[in-house]
Amino acid sequence: MQKIPIIMDCDTGTDDAIALVAALYTPNFDLRAVTTVTGNVPLKYTSRNTLNLVRYLGFEIPVAVGAAQPIMGGRFRSATGTHGHTGMGTVTLPDTDAPFYEKNAVETIIEAARALAGELILVPTGPITNIAQAILAYPELQGLVKEIVFMGGAMIGGNVTPNAEFNAWVDPEALSIVLNSGIPCRMIGLDVTTRAVLDQSEADYFRSLESKAGILVADLLDFMLVRHQKGGEDLLMHDGLAVAAVAHPDIVRTQSFYVDCECHGTYTRGHTYVATNEVYVKKAERPALCQVALDLDLPKLKAYFREVIGNSVV
């Protein structure tokens with residue numbers, strides 16, 4: 001089996017953690033490293049969550065620490081209301097003594113990209129700060145990364161403001177840099193992730209596996225279920241859908257559009273502008289920079305999670 005070399009870049013909260021578990025057990029992935037970024041919760045938590053999770057499940061994959069703030073600096077609002085104070089809901093993982101990777105996120109990305117000479121796929125599921133910093137520091141990255149499949153953005157609406165999705169809103173400058181870098185991008189945004197919903201039957205199935213990974217995912221889903229019952233977000237696999245779309249591209253249907261991220265608007269900062277009007281694209285001579293996810297196959301997505309997390313019992 002020819003494996004897909006990837007780096008996951010995440011702000012590990014609840015659904016990021018499930019996405020990471022899925023990536024660890026996806027048989028056609030060669031997960032080269034995991035890099036961390038501030039987002040759902042501050043960097044000290046996202047980094048520790050990621051390292052603890054990877055080591056708890058017995059993997060020695062490098063975990064590299066990334067950006068503590070957006071590329072232009074400043075403060076932002078974390079999503080502790082959705083993910084809990086530490087980002088892992090009510091789940092507490094054993095605190096590993098293992099060290100983080102000796103290189104930071106940017107150095108880790110360029111190291112893998114050079115080694116793989118054009119085959120690496122980057123899968124950011126949080127604010128895209130690390131990827132943008134890597135592009136600015138190493139312009140050669142344009143020719144060394146096969147694709148960036150990111151969870152973020154939306155054609156219409158948002159979940160942190162009326163016009164902006166959280167990851168895009170946290171660091172719109174970084175997302176604009178990435179979208180205009182020339183590296184092929186695939187946007188897995190709220191247009192599809194708000195339909196990537198699991199339910200109690202999945203939590204029950206994962207718990208029945210009686211594996212560390214299965215029980216961990218079930219515990220996270222149980223937290224999300226209680227959150228939803230209290231009026232919060234549903235059991236949405238925002239980040240898991242991005243991971244699944246790399247493993248099985250037919251899980252989402254995409255279309256090419258020119259996409260950029262608004263960085264300055266008083267009411268629209270963080271909005272991902274998708275140019276659906278061909279007149280604009282032709283007039284501005286813009287390339288179709290990004291494949292935008294428009295629809296998903298939910299049964300296939302659920303089957304993917306069951307299959308790969310089921311691998312944890314082998």
# chains A, B, ... in the order shown; residues from 1 in each chain; ligands from 1
call {"tool": "residues_around", "arguments": {"residues": "segment 41-55 of chain A", "least_positions_apart": "5", "cutoff": "6 Å", "atoms": "only C-alpha atoms", "output": "PyMOL selection string"}}
result
chain A and resi 11-12+36+68+78+86-87+95-96
call {"tool": "residues_around", "arguments": {"residues": "segment 104-115 of chain A", "least_positions_apart": "3", "cutoff": "6 Å", "atoms": "only C-alpha atoms", "output": "VMD selection string"}}
result
chain A and resid 35 64 to 66 120 134 144
call {"tool": "residues_around", "arguments": {"residues": "Gly118 of chain A", "least_positions_apart": "5", "cutoff": "12 Å", "atoms": "only C-alpha atoms", "output": "list in words"}}
result
Ile4, Pro5, Ile6, Ile110, Ala112, Ala113, Glu140, Leu141, Gln142, Gly143, Leu144, Val145, Lys146, Glu147, Ile148, Ile183 and Pro184 of chain A
call {"tool": "select_by_dssp", "arguments": {"residues": "segment 143-291 of chain A", "states": "helix (DSSP H, G or I)", "output": "ChimeraX atom specification"}}
result
/A:143,166-170,172-179,190-193,200-208,212-229,238-247,249-251,278-284
call {"tool": "select_by_dssp", "arguments": {"residues": "segment 37-239 of chain A", "states": "strand (DSSP E)", "output": "list of chain:residue names"}}
result
A:Val63, A:Ala64, A:Leu120, A:Ile121, A:Leu122, A:Val123, A:Pro124, A:Val145, A:Lys146, A:Glu147, A:Ile148, A:Val149, A:Phe150, A:Met151, A:Cys185, A:Arg186, A:Met187, A:Ile188
call {"tool": "atom_distance", "arguments": {"atom1": "atom CA of Gln2 of chain A", "atom2": "atom CA of Arg32 of chain A"}}
result
14.5 Å
call {"tool": "residues_around", "arguments": {"residues": "Ile71 of chain A", "least_positions_apart": "2", "cutoff": "10 Å", "atoms": "only C-alpha atoms", "output": "list in words"}}
result
Ala67, Ala68, Gln69, Gly73, Gly74, Pro127, Ile128, Thr129, Asn130, Ala132, Gln133, Val170, Asp171, Pro172, Glu173, Ala174 and Leu175 of chain A
call {"tool": "residues_around", "arguments": {"residues": "segment 242-258 of chain A", "least_positions_apart": "3", "cutoff": "9 Å", "atoms": "only C-alpha atoms", "output": "PyMOL selection string"}}
result
chain A and resi 4+8+19-20+22-23+26+28-29+121+123-125+149-151+179+186-189+192-193+237-239+273-276+278+281+286-301+304-305
call {"tool": "residues_around", "arguments": {"residues": "Thr268 of chain A", "least_positions_apart": "3", "cutoff": "12 Å", "atoms": "only C-alpha atoms", "output": "PyMOL selection string"}}
result
chain A and resi 156-158+160-165+168-169+172+261-265+271-273
call {"tool": "atom_distance", "arguments": {"atom1": "atom CA of Glu102 of chain A", "atom2": "atom CA of Ala33 of chain A"}}
result
12.1 Å
call {"tool": "atom_distance", "arguments": {"atom1": "atom CA of Met1 of chain A", "atom2": "atom CA of Gly310 of chain A"}}
result
18.9 Å
call {"tool": "decode", "arguments": {"residues": "segment 46-92 of chain A", "atoms": "N, CA and C atoms", "output": "short mmCIF file (atom, residue, chain, number, x, y, z; two decimals), in the first residue's frame"}}
result
data_model
loop_
_atom_site.label_atom_id
_atom_site.label_comp_id
_atom_site.auth_asym_id
_atom_site.auth_seq_id
_atom_site.Cartn_x
_atom_site.Cartn_y
_atom_site.Cartn_z
N THR A 46 -2.78 23.15 24.06
CA THR A 46 -2.86 22.41 22.80
C THR A 46 -1.64 21.53 22.60
N SER A 47 -0.47 22.03 23.00
CA SER A 47 0.76 21.25 22.85
C SER A 47 0.78 20.06 23.78
N ARG A 48 0.44 20.29 25.04
CA ARG A 48 0.44 19.20 26.02
C ARG A 48 -0.63 18.16 25.67
N ASN A 49 -1.81 18.62 25.26
CA ASN A 49 -2.86 17.68 24.84
C ASN A 49 -2.37 16.77 23.72
N THR A 50 -1.70 17.37 22.75
CA THR A 50 -1.26 16.61 21.58
C THR A 50 -0.20 15.59 21.97
N LEU A 51 0.81 16.03 22.70
CA LEU A 51 1.88 15.12 23.09
C LEU A 51 1.34 14.00 23.98
N ASN A 52 0.52 14.35 24.96
CA ASN A 52 -0.03 13.33 25.85
C ASN A 52 -0.85 12.30 25.08
N LEU A 53 -1.65 12.77 24.12
CA LEU A 53 -2.50 11.86 23.36
C LEU A 53 -1.67 10.90 22.53
N VAL A 54 -0.72 11.44 21.79
CA VAL A 54 0.11 10.60 20.92
C VAL A 54 0.87 9.55 21.73
N ARG A 55 1.45 9.97 22.85
CA ARG A 55 2.24 9.02 23.66
C ARG A 55 1.31 8.05 24.41
N TYR A 56 0.16 8.50 24.84
CA TYR A 56 -0.80 7.63 25.53
C TYR A 56 -1.21 6.46 24.64
N LEU A 57 -1.33 6.72 23.35
CA LEU A 57 -1.74 5.67 22.42
C LEU A 57 -0.55 4.87 21.89
N GLY A 58 0.65 5.18 22.37
CA GLY A 58 1.81 4.35 22.07
C GLY A 58 2.57 4.71 20.82
N PHE A 59 2.36 5.91 20.28
CA PHE A 59 3.05 6.33 19.06
C PHE A 59 4.25 7.23 19.41
N GLU A 60 5.31 7.09 18.63
CA GLU A 60 6.53 7.87 18.85
C GLU A 60 6.68 8.99 17.83
N ILE A 61 5.64 9.34 17.17
CA ILE A 61 5.66 10.40 16.15
C ILE A 61 6.10 11.72 16.79
N PRO A 62 6.97 12.49 16.13
CA PRO A 62 7.39 13.77 16.69
C PRO A 62 6.22 14.74 16.86
N VAL A 63 6.22 15.43 17.98
CA VAL A 63 5.24 16.49 18.24
C VAL A 63 6.02 17.78 18.45
N ALA A 64 5.84 18.74 17.54
CA ALA A 64 6.61 19.98 17.55
C ALA A 64 5.73 21.16 17.93
N VAL A 65 6.24 22.01 18.78
CA VAL A 65 5.48 23.17 19.27
C VAL A 65 5.56 24.31 18.25
N GLY A 66 4.41 24.94 18.03
CA GLY A 66 4.34 26.02 17.05
C GLY A 66 3.99 27.37 17.65
N ALA A 67 3.18 28.13 16.92
CA ALA A 67 2.93 29.54 17.22
C ALA A 67 2.03 29.72 18.43
N ALA A 68 2.42 30.65 19.29
CA ALA A 68 1.65 30.96 20.49
C ALA A 68 0.65 32.08 20.26
N GLN A 69 0.75 32.78 19.12
CA GLN A 69 -0.19 33.85 18.83
C GLN A 69 -0.29 34.01 17.32
N PRO A 70 -1.31 34.72 16.83
CA PRO A 70 -1.45 34.93 15.39
C PRO A 70 -0.23 35.60 14.78
N ILE A 71 -0.13 35.52 13.47
CA ILE A 71 1.07 35.97 12.78
C ILE A 71 1.33 37.47 12.95
N MET A 72 0.27 38.25 13.15
CA MET A 72 0.42 39.68 13.36
C MET A 72 0.37 40.04 14.85
N GLY A 73 0.38 39.02 15.70
CA GLY A 73 0.34 39.27 17.13
C GLY A 73 -1.07 39.58 17.61
N GLY A 74 -1.16 40.09 18.82
CA GLY A 74 -2.45 40.48 19.37
C GLY A 74 -3.13 39.36 20.12
N ARG A 75 -4.22 39.70 20.77
CA ARG A 75 -4.98 38.75 21.57
C ARG A 75 -6.16 38.21 20.76
N PHE A 76 -6.67 37.07 21.19
CA PHE A 76 -7.84 36.51 20.53
C PHE A 76 -8.68 35.79 21.58
N ARG A 77 -9.89 35.46 21.19
CA ARG A 77 -10.79 34.76 22.09
C ARG A 77 -10.70 33.26 21.83
N SER A 78 -10.32 32.50 22.83
CA SER A 78 -10.25 31.05 22.67
C SER A 78 -11.65 30.44 22.76
N ALA A 79 -11.73 29.14 22.51
CA ALA A 79 -13.02 28.47 22.46
C ALA A 79 -13.20 27.53 23.65
N THR A 80 -12.83 27.99 24.84
CA THR A 80 -12.93 27.14 26.02
C THR A 80 -14.38 26.78 26.33
N GLY A 81 -15.31 27.63 25.91
CA GLY A 81 -16.72 27.32 26.14
C GLY A 81 -17.17 26.10 25.37
N THR A 82 -16.50 25.83 24.26
CA THR A 82 -16.83 24.66 23.44
C THR A 82 -16.00 23.45 23.82
N HIS A 83 -14.74 23.67 24.18
CA HIS A 83 -13.80 22.57 24.38
C HIS A 83 -13.39 22.35 25.83
N GLY A 84 -13.84 23.19 26.73
CA GLY A 84 -13.41 23.07 28.12
C GLY A 84 -12.13 23.84 28.38
N HIS A 85 -11.78 24.00 29.64
CA HIS A 85 -10.66 24.84 30.03
C HIS A 85 -9.34 24.40 29.40
N THR A 86 -9.07 23.11 29.37
CA THR A 86 -7.81 22.62 28.80
C THR A 86 -7.95 22.19 27.35
N GLY A 87 -9.18 22.19 26.82
CA GLY A 87 -9.41 21.79 25.44
C GLY A 87 -9.88 20.37 25.27
N MET A 88 -9.78 19.55 26.30
CA MET A 88 -10.12 18.14 26.19
C MET A 88 -11.44 17.81 26.91
N GLY A 89 -12.28 18.80 27.09
CA GLY A 89 -13.55 18.56 27.76
C GLY A 89 -13.32 18.09 29.18
N THR A 90 -13.90 16.95 29.53
CA THR A 90 -13.74 16.38 30.86
C THR A 90 -12.70 15.26 30.87
N VAL A 91 -11.98 15.10 29.76
CA VAL A 91 -10.99 14.03 29.65
C VAL A 91 -9.65 14.51 30.19
N THR A 92 -9.00 13.67 31.00
CA THR A 92 -7.66 13.96 31.49
C THR A 92 -6.75 12.80 31.10
#
